[in-house]
Protein chains: 2
Amino acid sequence: MKKFLVVISLLLILSSEVLCQQLQSPNGKLSMTFALKADGTPTYALTYSGKSVIKPSELGLELKNDEKSLLNDFSIVKSETATNDSNWEPVWGEVKSIRNHYNEFAVTLLQKGTDRELIIRFRMFDEGLGFRYEFPSQKNLIYFVIKEERTQFAMAGNHTAFWIAGDYDTQEYNYTTSRLSEIRNLMKGSISPNASQTPFSPTGVQTALMMKTDEGLYINIHEAALINYSCMHLNLDDANLIFQSWLTPDAKGDKGYMQAPSTSPWRTVMVSNDAREILASKMTYDLNEPNKIEDTSWIKPVKYMGVWWEMITGKSTWSYTNDLPSIQIGVTDYSTAKPNGTHGANTANVKKYIDFASLHGFDGVLVEGWNIGWEDWFGHHKDNVFDFVTPYPDFDLPGLRDYAKSKGIKLIMHHETSGSTRNYERHLDKAFQFMKDNNYDAVKTGYVGDILPRGYYHYDQWTVNHYQYVVEKAAQYKIMVNAHEAVRPTGIARTYPNMIGNESARGTEFQAFGGSKPNHVTILPFTRLIGGPMDYTPGILK
Amino acid sequence: MKKFLVVISLLLILSSEVLCQQLQSPNGKLSMTFALKADGTPTYALTYSGKSVIKPSELGLELKNDEKSLLNDFSIVKSETATNDSNWEPVWGEVKSIRNHYNEFAVTLLQKGTDRELIIRFRMFDEGLGFRYEFPSQKNLIYFVIKEERTQFAMAGNHTAFWIAGDYDTQEYNYTTSRLSEIRNLMKGSISPNASQTPFSPTGVQTALMMKTDEGLYINIHEAALINYSCMHLNLDDANLIFQSWLTPDAKGDKGYMQAPSTSPWRTVMVSNDAREILASKMTYDLNEPNKIEDTSWIKPVKYMGVWWEMITGKSTWSYTNDLPSIQIGVTDYSTAKPNGTHGANTANVKKYIDFASLHGFDGVLVEGWNIGWEDWFGHHKDNVFDFVTPYPDFDLPGLRDYAKSKGIKLIMHHETSGSTRNYERHLDKAFQFMKDNNYDAVKTGYVGDILPRGYYHYDQWTVNHYQYVVEKAAQYKIMVNAHEAVRPTGIARTYPNMIGNESARGTEFQAFGGSKPNHVTILPFTRLIGGPMDYTPGILK
């Protein structure tokens with residue numbers, strides 16, 4: 001009997017050694033346990049100072065037209081650990097040097113029957129856990145379509161959350177502060193009107209999601225390095241308080257077209273009893289690839305003001321004329337149109353802004369409404385909406401360019417795309433060259449309204465690919481990009497520091513649309529700013 | 001009583017004068033009657049030598065989110081007639097001079113309640129009728145979405161038709177010859193497998209549709225000038241033998257995003273008791289805009305042969321290596337890959353083709369499989385599939401370019417897009433410049449497989465716009481385009497004569513896929529060739 005028990009214990013010890021792995025943060029406070037369930041489903045769990053933060057949660061992906069998917073029947077064929085402690089210097093940011101310090105554990109899983117390999121890589125920082133799926137080069141898994149990613153985040157309590165509604169097209173909602181169990185009842189009221197919006201679930205929320213437990217522990221869920229993948233939202237099973245990844249679908253309802261070798265973005269869970277630690281964390285950047293731009297001398301954050309707020313408040317207009325309700329770019333002749341007298345981006349007005357900016361220490365002046373097409377740009381899902389290079393008759397671009405230069409001011413370009421991504425890409429090289437030819441080195445882009453190609457969303461894989469394409473092409477032209485209405489950032493500015501900022505949240509402009517909650521800007525740093533800086537566009541005058 | 005009858009007759013005459021209009025062909029054989037129904041629905045009817053060809057058929061368009069649509073409650077506010085008899089010279093073609101001779105009738109309709117204007121313009125040639133919808137500049141109709149065009153073609157009998165299944169993605173079916181009433185039963189059997197196909201109706205057929213009545217009259221329905229609109233199919237109400245226009249939907253099911261002022265393509269109905277007259281007709285070209293290319297000296301049809309058939313038959317491959325199942329354009333290193341030894345587009349082989357072509361009076365040699373990416377190009381709905389500028393290691397492009405030149409042969413470029421239209425557009429300028437830099441002036445393009453953006457079709461408005469974008473950009477580079485798998489042509493080569501040809505039908509390659517019906521090539525001229533020439537790719541060796 002004794003021998004038998006010894007054998008059994010040995011077996012148990014052996015099997016748990018095979019099935020479980022622990023990963024600690026460098027300071028030992030955070031601990032992650034990876035384990036396979038009996039049916040081969042990979043799981044992970046997270047504790048902070050011994051307290052459960054993420055209860056055992058499943059990992060995996062559901063594939064389209066694939067009986068097995070990548071959900072279960074896995075066994076561990078390899079597991080590797082590593083440590084990294086290095087420093088890197090960002091091109092810009094709050095700090096001069098950033099420490100990239102983590103313990104890593106990567107497990108290679110082999111699926112029974114299909115012989116497919118899946119790697120899950122975990123990196124544990126002092127302030128949080130990051131993990132991602134990796135699809136290595138292999139014979140049996142090359143091209144596949146994701147029906148849904150099935151990453152769970154099982155919460156250990158009915159925490160207070162600072163959330164906005166999950167939505168395929170906008171982040172411009174007020175934050176609601178409530179317990180997880182209250183999300184469902186408060187969802188409808190949290191959704192205010194927007195130019196383009198597609199909420200998808202009564203308990204779906206966006207990331208970065210900030211939470212606070214009753215014990216005063218802060219938990220933050222986001223993603224890092226969203227490249228060639230669909231933007232992740234979190235859908236709450238509020239019966240069990242389990243969040244599950246909910247990707248943004250494309251026009252056919254598919255959630256990702258993948259080709260191995262490749263990786264998913266990192267899913268990040270930050271934990272601290274001090275919210276400032278989450279704010280100060282550079283984990284999201286650390287998980288991104290190092291800077292890919294060789295010469296970064298042209299990249300510098302600037303302080304700008306601009307001709308835009310007066311149009312938002314209705315004091316002036318983006319449009320030049322009221323005589324032309326139907327613009328055909330390249331055909332419509334503006335030279336004979338009667339000016340409406342309210343066009344904000346006129347030479348004299350812009351000069352005033354340049355003078356003010358120069359006098360008061362600004363670096364740049366943004367001008368919206370400088371280019372033809374604003375008479376019917378909005379609400380028509382228009383394809384050929386702007387050409388990005390033709391100024392209105394009353395905007396003396398060369399003159400203003402030179403005037404600004406003489407005052408030590410840079411004009412900041414504006415490329416409102418109206419969501420028409422193919423049109424923007426068709427004009428992109430000419431538009432960027434036009435900028436260089438005219439002394440512009442930074443552009444604010446916008447994606448107001450529903451996306452074209454029609455049927456696509458602001459945050460699906462196809463459109464996320466577009467934003468990245470624009471940033472990479474801008475880098476070739478040494479142009480900085482400040483993208484509004486684009487997908488919220490996920491630390492990609494480490495790799496492409498010319499992605500100088502995004503709006504991609506409810507900003508100052510909403511002061512003209514009824515305002516935002518008084519605590520709005522106190523929440524944003526813990527949510528929107530986790531992945532990158534925000535062009536909040538502050539500094540308005542009534 | 002007499003007075004009463006006189007008054008009534010007068011009123012009837014007056015009302016019929018208001019509600020009816022006739023249009024004759026120059027030779028008087030064809031006669032069209034336009035009339036408004038009591039409810040204000042516009043209709044037309046067509047007779048040939050007094051015999052009914054098109055019974056009174058409704059016209060109009062169903063709009064999305066629009067209670068009224070553009071279907072009825074119209075009254076005539078204006079009608080104008082005109083005549084044209086002019087000649088024009090095509091840049092290339094079967095004849096040196098083309099006569100454009102028609103009588104025209106344009107009716108302006110005003111819709112009660114909405115105050116919207118719709119113009120229907122009819123042009124009657126000796127061999128047929130063309131008509132189109134025009135949406136003039138106006139206050140009450142600027143942006144609208146077409147749910148379905150509702151143009152009817154009411155047949156006067158159960159004619160014999162030479163048809164292929166209506167399909168959003170392919171024209172590569174064998175023709176079926178049957179009575180209209182038999183289409184439904186024969187539809188399923190007519191649909192053979194294809195790389196990309198989306199049939200939509202058990203009685204839907206494509207245009208150009210050729211028919212023959214029991215009396216020996218030929219009727220041909222097609223469209224001309226398909227620009228910025230969705231490709232039209234015909235759906236048969238086989239209970240009543242009425243064809244109705246059925247446009248190709250986009251990813252959301254919408255059939256056209258329109259902005260006034262604009263026009264629909266021309267719908268054409270050719271009628272003759274002599275089929276050769278239909279063949280010889282240049283009506284489709286006549287209805288297109290005149291040539292827009294100033295200098296056309298670089299545009300000339302050529303006779304080419306090519307490295308493609310040996311791959312279709314499996315004698316060689318487009319791909320270069322069997323070692324790389326997963327290509328990442330720009331990343332994958334081919335220099336170390338083991339050649340599969342079956343790559344057709346290798347320098348020595350291409351030289352043989354150039355020698356043969358030079359010896360036997362050909363102008364050009366097409367080479368498929370010259371560029372990286374063919375290892376996994378097909379069947380994966382792949383986005384970044386080709387770059388169009390990087391040759392395989394065994395294809396000495398500069399050497400072959402010069403060798404061809406020395407032999408008086410032009411190499412013909414190949415741009416297989418794999419349906420990935422955004423990727424093609426992203427590379428287009430570089431790809432076209434690369435061609436010019438390397439002495440290429442003609443490209444065969446291909447769209448094999450499902451279209452990207454995913455959810456779109458080969459013949460919807462969005463993709464039709466893409467083909468046109470490619471042709472117009474090619475013209476800027478003085479490049480001729482021979483587009484395979486693109487929408488079938490509709491006479492646009494009059495306006496852009498660099499659109500030197502299309503395949504866009506079941507061609508010679510099918511001899512390797514089981515063959516085509518023996519009468520296939522005898523039907524094609526009356527169907528596929530109505531809108532433009534076909535690169536049938538003849539001249540294969542077993």
# chains A, B, ... in the order shown; residues from 1 in each chain; ligands from 1

$ residues_around --residues "stretch 443-456 of chain B" --least-positions-apart "4" --cutoff "6 Å" --atoms "only C-alpha atoms" --output "ChimeraX atom specification"
/A:251-252 /B:195-196,250-251,412-421,481-485

$ write_last_selection --atoms "C-alpha atoms" --output "PDB file, in the first residue's frame"
ATOM      1  CA  ALA A 251     -17.842  42.981 -43.549  1.00  0.00           C
ATOM      2  CA  LYS A 252     -18.499  39.239 -43.604  1.00  0.00           C
TER       3      LYS A 252
ATOM      4  CA  ALA B 195     -12.276  29.810 -58.322  1.00  0.00           C
ATOM      5  CA  SER B 196     -14.798  32.490 -57.412  1.00  0.00           C
ATOM      6  CA  ASP B 250     -21.840  45.354 -52.353  1.00  0.00           C
ATOM      7  CA  ALA B 251     -20.778  43.845 -49.032  1.00  0.00           C
ATOM      8  CA  ILE B 412       4.155  41.658 -71.836  1.00  0.00           C
ATOM      9  CA  MET B 413       3.823  42.237 -68.118  1.00  0.00           C
ATOM     10  CA  HIS B 414       1.630  40.088 -65.903  1.00  0.00           C
ATOM     11  CA  HIS B 415      -0.112  41.456 -62.823  1.00  0.00           C
ATOM     12  CA  GLU B 416      -2.112  38.687 -61.230  1.00  0.00           C
ATOM     13  CA  THR B 417      -3.839  40.448 -58.332  1.00  0.00           C
ATOM     14  CA  SER B 418      -5.389  37.321 -56.815  1.00  0.00           C
ATOM     15  CA  GLY B 419      -8.485  39.486 -56.330  1.00  0.00           C
ATOM     16  CA  SER B 420      -6.602  41.592 -53.786  1.00  0.00           C
ATOM     17  CA  THR B 421      -7.592  44.988 -55.135  1.00  0.00           C
ATOM     18  CA  VAL B 481      -4.375  46.901 -70.051  1.00  0.00           C
ATOM     19  CA  ASN B 482      -5.744  43.460 -70.867  1.00  0.00           C
ATOM     20  CA  ALA B 483      -7.862  42.635 -67.822  1.00  0.00           C
ATOM     21  CA  HIS B 484      -8.809  39.031 -67.091  1.00  0.00           C
ATOM     22  CA  GLU B 485     -11.588  38.086 -64.644  1.00  0.00           C
TER      23      GLU B 485
END

$ select_by_dssp --residues "stretch 242-412 of chain A" --states "strand (DSSP E or B)" --output "ChimeraX atom specification"
/A:242-247,256-259,262-263,266-272,304-307,317,321,339,343,364-367,371,391,410-412

$ closest_residue --among "A:Trp266, A:Phe105, A:Tyr440, A:Phe144" --to "chain B" --atoms "only C-alpha atoms"
A:Phe144

$ residues_around --residues "B:Ala345" --least-positions-apart "4" --cutoff "10 Å" --atoms "only C-alpha atoms" --output "list in words"
Gly306, Val307, Trp308, Met311, Ser316, Thr317, Trp318, Ser319, Tyr320, Asn349, Val350, Lys351, Leu366, Val367, Glu368, Gly369, Trp370, Asn371, Pro391, Tyr392, Asp394, Phe395 and Asp396 of chain B

$ interface_residues --of "chain B" --to "chain A" --cutoff "10 Å" --atoms "only C-alpha atoms" --output "ChimeraX atom specification"
/B:137-139,141-145,250-254,257-261,324-328,376,379-383,422,425-426,428-429,452-456,462,466,469

$ residues_around --residues "B:Asn220" --least-positions-apart "5" --cutoff "7 Å" --atoms "only C-alpha atoms" --output "list in words"
Ala208, Leu209, Met210, Met211, Val269, Met270 and Val271 of chain B

$ residues_around --residues "A:Asp295" --least-positions-apart "6" --cutoff "12 Å" --atoms "only C-alpha atoms" --output "JSON, numbers by chain"
{"A": [91, 475, 476, 477, 478, 496, 497, 498]}

$ write_last_selection --atoms "N, CA, C and O atoms" --output "mmCIF file, in the first residue's frame"
data_model
loop_
_atom_site.group_PDB
_atom_site.id
_atom_site.type_symbol
_atom_site.label_atom_id
_atom_site.label_comp_id
_atom_site.auth_asym_id
_atom_site.auth_seq_id
_atom_site.Cartn_x
_atom_site.Cartn_y
_atom_site.Cartn_z
ATOM 1 N N VAL A 91 12.079 57.997 -28.433
ATOM 2 C CA VAL A 91 12.374 59.203 -29.201
ATOM 3 C C VAL A 91 11.725 60.413 -28.540
ATOM 4 O O VAL A 91 12.269 61.511 -28.532
ATOM 5 N N ALA A 475 6.150 57.696 -42.491
ATOM 6 C CA ALA A 475 7.542 57.622 -42.033
ATOM 7 C C ALA A 475 8.506 57.729 -43.212
ATOM 8 O O ALA A 475 9.553 58.364 -43.115
ATOM 9 N N GLN A 476 8.140 57.118 -44.340
ATOM 10 C CA GLN A 476 8.990 57.216 -45.539
ATOM 11 C C GLN A 476 9.137 58.670 -45.977
ATOM 12 O O GLN A 476 10.160 59.062 -46.535
ATOM 13 N N TYR A 477 8.112 59.464 -45.762
ATOM 14 C CA TYR A 477 8.134 60.874 -46.153
ATOM 15 C C TYR A 477 8.588 61.770 -45.000
ATOM 16 O O TYR A 477 8.567 62.985 -45.143
ATOM 17 N N LYS A 478 8.982 61.161 -43.877
ATOM 18 C CA LYS A 478 9.370 61.922 -42.690
ATOM 19 C C LYS A 478 8.221 62.825 -42.234
ATOM 20 O O LYS A 478 8.381 64.021 -42.010
ATOM 21 N N TYR A 496 7.087 52.922 -34.336
ATOM 22 C CA TYR A 496 6.932 53.996 -35.330
ATOM 23 C C TYR A 496 6.704 55.301 -34.579
ATOM 24 O O TYR A 496 5.568 55.771 -34.449
ATOM 25 N N PRO A 497 7.765 55.890 -34.060
ATOM 26 C CA PRO A 497 7.608 57.105 -33.254
ATOM 27 C C PRO A 497 7.054 58.301 -34.024
ATOM 28 O O PRO A 497 6.747 59.326 -33.430
ATOM 29 N N ASN A 498 6.878 58.148 -35.349
ATOM 30 C CA ASN A 498 6.221 59.243 -36.081
ATOM 31 C C ASN A 498 4.711 59.206 -35.842
ATOM 32 O O ASN A 498 3.993 60.128 -36.239
#

$ atom_distance --atom1 "atom CA of B:Phe125" --atom2 "atom CA of B:Leu529"
18.8 Å

$ residues_around --residues "B:Glu104" --least-positions-apart "5" --cutoff "8 Å" --atoms "only C-alpha atoms" --output "CSV table (one decimal) with N, CA, C and O atoms, in the first residue's frame"
chain,number,residue,atom,x,y,z
B,23,LEU,N,-40.4,57.1,-80.8
B,23,LEU,CA,-39.0,57.4,-81.3
B,23,LEU,C,-38.7,56.3,-82.3
B,23,LEU,O,-38.9,55.1,-82.0
B,81,THR,N,-36.2,66.2,-78.4
B,81,THR,CA,-35.7,65.3,-79.4
B,81,THR,C,-34.5,65.8,-80.1
B,81,THR,O,-34.3,67.1,-80.1
B,82,ALA,N,-33.7,64.9,-80.6
B,82,ALA,CA,-32.5,65.4,-81.3
B,82,ALA,C,-32.1,64.3,-82.3
B,82,ALA,O,-32.7,63.2,-82.2
B,83,THR,N,-31.2,64.6,-83.1
B,83,THR,CA,-30.7,63.6,-84.1
B,83,THR,C,-29.2,63.8,-84.1
B,83,THR,O,-28.7,64.9,-84.0
B,84,ASN,N,-28.5,62.7,-84.3
B,84,ASN,CA,-27.1,62.8,-84.5
B,84,ASN,C,-26.6,61.9,-85.7
B,84,ASN,O,-27.1,60.8,-85.8
B,121,ARG,N,-33.2,59.1,-71.1
B,121,ARG,CA,-32.7,59.5,-72.4
B,121,ARG,C,-32.7,58.2,-73.3
B,121,ARG,O,-32.1,57.2,-72.9
B,122,PHE,N,-33.3,58.3,-74.4
B,122,PHE,CA,-33.4,57.2,-75.4
B,122,PHE,C,-32.7,57.6,-76.7
B,122,PHE,O,-32.8,58.7,-77.2
B,123,ARG,N,-31.9,56.6,-77.2
B,123,ARG,CA,-31.2,56.8,-78.5
B,123,ARG,C,-31.5,55.6,-79.3
B,123,ARG,O,-31.3,54.5,-78.9
B,124,MET,N,-32.1,55.9,-80.5
B,124,MET,CA,-32.5,54.8,-81.4
B,124,MET,C,-31.6,54.7,-82.6
B,124,MET,O,-31.6,55.7,-83.4

$ atom_distance --atom1 "atom CA of B:Gly341" --atom2 "atom CA of B:Asp323"
11.7 Å

$ atom_distance --atom1 "atom CA of A:Asp167" --atom2 "atom CA of A:His222"
15.1 Å

$ residues_around --residues "B:Asp535" --least-positions-apart "4" --cutoff "7 Å" --atoms "only C-alpha atoms" --output "list of chain:residue names"
B:Gly501, B:Asn502, B:Glu503

$ select_by_dssp --residues "stretch 239-326 of chain B" --states "alpha helix (DSSP H)" --output "compact mmCIF listing (two decimals) with N, CA, C and O atoms, in the first residue's frame"
# COMPACT_ATOMS: atom_id res chain seq x y z
N ALA B 275 -28.50 38.31 -87.80
CA ALA B 275 -27.60 38.29 -86.64
C ALA B 275 -26.30 39.02 -86.92
O ALA B 275 -25.68 39.57 -86.02
N ARG B 276 -25.92 39.06 -88.19
CA ARG B 276 -24.65 39.71 -88.52
C ARG B 276 -24.71 41.20 -88.23
O ARG B 276 -23.70 41.84 -87.94
N GLU B 277 -25.93 41.74 -88.31
CA GLU B 277 -26.08 43.16 -88.03
C GLU B 277 -25.76 43.45 -86.57
O GLU B 277 -25.20 44.50 -86.24
N ILE B 278 -26.13 42.53 -85.72
CA ILE B 278 -25.85 42.71 -84.29
C ILE B 278 -24.36 42.61 -84.04
O ILE B 278 -23.77 43.35 -83.26
N LEU B 279 -23.75 41.69 -84.74
CA LEU B 279 -22.31 41.51 -84.60
C LEU B 279 -21.56 42.76 -85.08
O LEU B 279 -20.60 43.19 -84.48
N ALA B 280 -22.02 43.29 -86.18
CA ALA B 280 -21.33 44.41 -86.80
C ALA B 280 -21.63 45.73 -86.10
O ALA B 280 -20.93 46.71 -86.30
N MET B 283 -22.90 50.14 -81.82
CA MET B 283 -23.78 50.92 -80.96
C MET B 283 -23.22 51.06 -79.55
O MET B 283 -23.31 52.11 -78.93
N THR B 284 -22.65 49.97 -79.04
CA THR B 284 -22.13 50.01 -77.68
C THR B 284 -21.02 51.04 -77.56
O THR B 284 -20.96 51.79 -76.59
N TYR B 285 -20.16 51.08 -78.56
CA TYR B 285 -19.10 52.11 -78.55
C TYR B 285 -19.69 53.50 -78.73
O TYR B 285 -19.31 54.46 -78.07
N ASP B 286 -20.66 53.59 -79.67
CA ASP B 286 -21.28 54.90 -79.94
C ASP B 286 -21.85 55.53 -78.68
O ASP B 286 -21.85 56.75 -78.53
N TRP B 309 0.38 28.79 -70.68
CA TRP B 309 -0.34 27.56 -71.00
C TRP B 309 0.37 26.34 -70.42
O TRP B 309 -0.27 25.40 -69.96
N GLU B 310 1.70 26.37 -70.43
CA GLU B 310 2.40 25.21 -69.90
C GLU B 310 2.15 25.08 -68.40
O GLU B 310 2.25 23.97 -67.85
N MET B 311 1.81 26.16 -67.73
CA MET B 311 1.47 26.08 -66.31
C MET B 311 0.02 25.61 -66.13
O MET B 311 -0.29 24.83 -65.22
N ILE B 312 -0.84 26.09 -67.00
CA ILE B 312 -2.26 25.67 -66.93
C ILE B 312 -2.36 24.15 -67.10
O ILE B 312 -3.17 23.48 -66.45

$ closest_residue --among "A:His520, A:Asn291, A:Phe513, A:Arg150" --to "A:Pro193" --atoms "only C-alpha atoms"
A:Phe513

$ decode --residues "stretch 319-328 of chain B" --atoms "all heavy atoms" --output "JSON list (two decimals), in the first residue's frame"
[["chain", "number", "residue", "atom", "x", "y", "z"],
["B", 319, "SER", "N", 4.99, 28.79, -59.61],
["B", 319, "SER", "CA", 5.83, 28.91, -58.43],
["B", 319, "SER", "C", 7.26, 28.49, -58.72],
["B", 319, "SER", "O", 7.54, 27.72, -59.64],
["B", 319, "SER", "CB", 5.28, 28.04, -57.30],
["B", 319, "SER", "OG", 5.39, 26.67, -57.66],
["B", 320, "TYR", "N", 8.15, 28.99, -57.91],
["B", 320, "TYR", "CA", 9.59, 28.80, -58.09],
["B", 320, "TYR", "C", 10.15, 27.70, -57.20],
["B", 320, "TYR", "O", 11.11, 27.05, -57.55],
["B", 320, "TYR", "CB", 10.27, 30.14, -57.77],
["B", 320, "TYR", "CG", 11.76, 30.08, -57.60],
["B", 320, "TYR", "CD1", 12.60, 30.03, -58.72],
["B", 320, "TYR", "CD2", 12.34, 30.11, -56.33],
["B", 320, "TYR", "CE1", 13.98, 29.99, -58.56],
["B", 320, "TYR", "CE2", 13.71, 30.06, -56.17],
["B", 320, "TYR", "CZ", 14.53, 30.01, -57.29],
["B", 320, "TYR", "OH", 15.89, 29.97, -57.14],
["B", 321, "THR", "N", 9.51, 27.53, -56.05],
["B", 321, "THR", "CA", 10.04, 26.59, -55.08],
["B", 321, "THR", "C", 8.91, 25.85, -54.40],
["B", 321, "THR", "O", 7.78, 26.35, -54.31],
["B", 321, "THR", "CB", 10.89, 27.31, -54.02],
["B", 321, "THR", "OG1", 11.31, 26.37, -53.02],
["B", 321, "THR", "CG2", 10.11, 28.42, -53.34],
["B", 322, "ASN", "N", 9.20, 24.64, -53.92],
["B", 322, "ASN", "CA", 8.21, 23.91, -53.12],
["B", 322, "ASN", "C", 8.56, 23.97, -51.64],
["B", 322, "ASN", "O", 7.89, 23.37, -50.81],
["B", 322, "ASN", "CB", 8.14, 22.45, -53.58],
["B", 322, "ASN", "CG", 7.68, 22.33, -55.01],
["B", 322, "ASN", "OD1", 7.03, 23.22, -55.54],
["B", 322, "ASN", "ND2", 8.05, 21.24, -55.67],
["B", 323, "ASP", "N", 9.62, 24.68, -51.32],
["B", 323, "ASP", "CA", 10.13, 24.72, -49.94],
["B", 323, "ASP", "C", 9.43, 25.74, -49.06],
["B", 323, "ASP", "O", 9.60, 25.73, -47.85],
["B", 323, "ASP", "CB", 11.63, 25.07, -49.96],
["B", 323, "ASP", "CG", 12.47, 23.88, -50.37],
["B", 323, "ASP", "OD1", 11.91, 22.79, -50.59],
["B", 323, "ASP", "OD2", 13.71, 24.06, -50.47],
["B", 324, "LEU", "N", 8.71, 26.64, -49.66],
["B", 324, "LEU", "CA", 8.14, 27.75, -48.89],
["B", 324, "LEU", "C", 6.63, 27.79, -49.03],
["B", 324, "LEU", "O", 6.11, 28.39, -49.97],
["B", 324, "LEU", "CB", 8.73, 29.09, -49.40],
["B", 324, "LEU", "CG", 10.24, 29.24, -49.34],
["B", 324, "LEU", "CD1", 10.68, 30.48, -50.12],
["B", 324, "LEU", "CD2", 10.71, 29.34, -47.90],
["B", 325, "PRO", "N", 5.92, 27.17, -48.11],
["B", 325, "PRO", "CA", 4.46, 27.16, -48.23],
["B", 325, "PRO", "C", 3.79, 28.44, -47.75],
["B", 325, "PRO", "O", 2.61, 28.62, -47.96],
["B", 325, "PRO", "CB", 4.07, 25.99, -47.32],
["B", 325, "PRO", "CG", 5.15, 25.93, -46.30],
["B", 325, "PRO", "CD", 6.42, 26.39, -46.96],
["B", 326, "SER", "N", 4.57, 29.30, -47.11],
["B", 326, "SER", "CA", 3.95, 30.51, -46.55],
["B", 326, "SER", "C", 4.83, 31.72, -46.87],
["B", 326, "SER", "O", 5.84, 31.95, -46.24],
["B", 326, "SER", "CB", 3.80, 30.34, -45.04],
["B", 326, "SER", "OG", 3.32, 31.53, -44.45],
["B", 327, "ILE", "N", 4.40, 32.44, -47.89],
["B", 327, "ILE", "CA", 5.20, 33.58, -48.37],
["B", 327, "ILE", "C", 4.79, 34.86, -47.67],
["B", 327, "ILE", "O", 3.58, 35.14, -47.54],
["B", 327, "ILE", "CB", 5.02, 33.77, -49.89],
["B", 327, "ILE", "CG1", 5.39, 32.49, -50.63],
["B", 327, "ILE", "CG2", 5.83, 34.95, -50.39],
["B", 327, "ILE", "CD1", 6.81, 32.04, -50.42],
["B", 328, "GLN", "N", 5.76, 35.63, -47.23],
["B", 328, "GLN", "CA", 5.48, 36.97, -46.72],
["B", 328, "GLN", "C", 6.26, 37.94, -47.59],
["B", 328, "GLN", "O", 7.48, 38.05, -47.49],
["B", 328, "GLN", "CB", 5.86, 37.07, -45.24],
["B", 328, "GLN", "CG", 5.00, 36.10, -44.41],
["B", 328, "GLN", "CD", 5.12, 36.26, -42.91],
["B", 328, "GLN", "OE1", 6.17, 36.61, -42.41],
["B", 328, "GLN", "NE2", 4.03, 35.98, -42.20]]
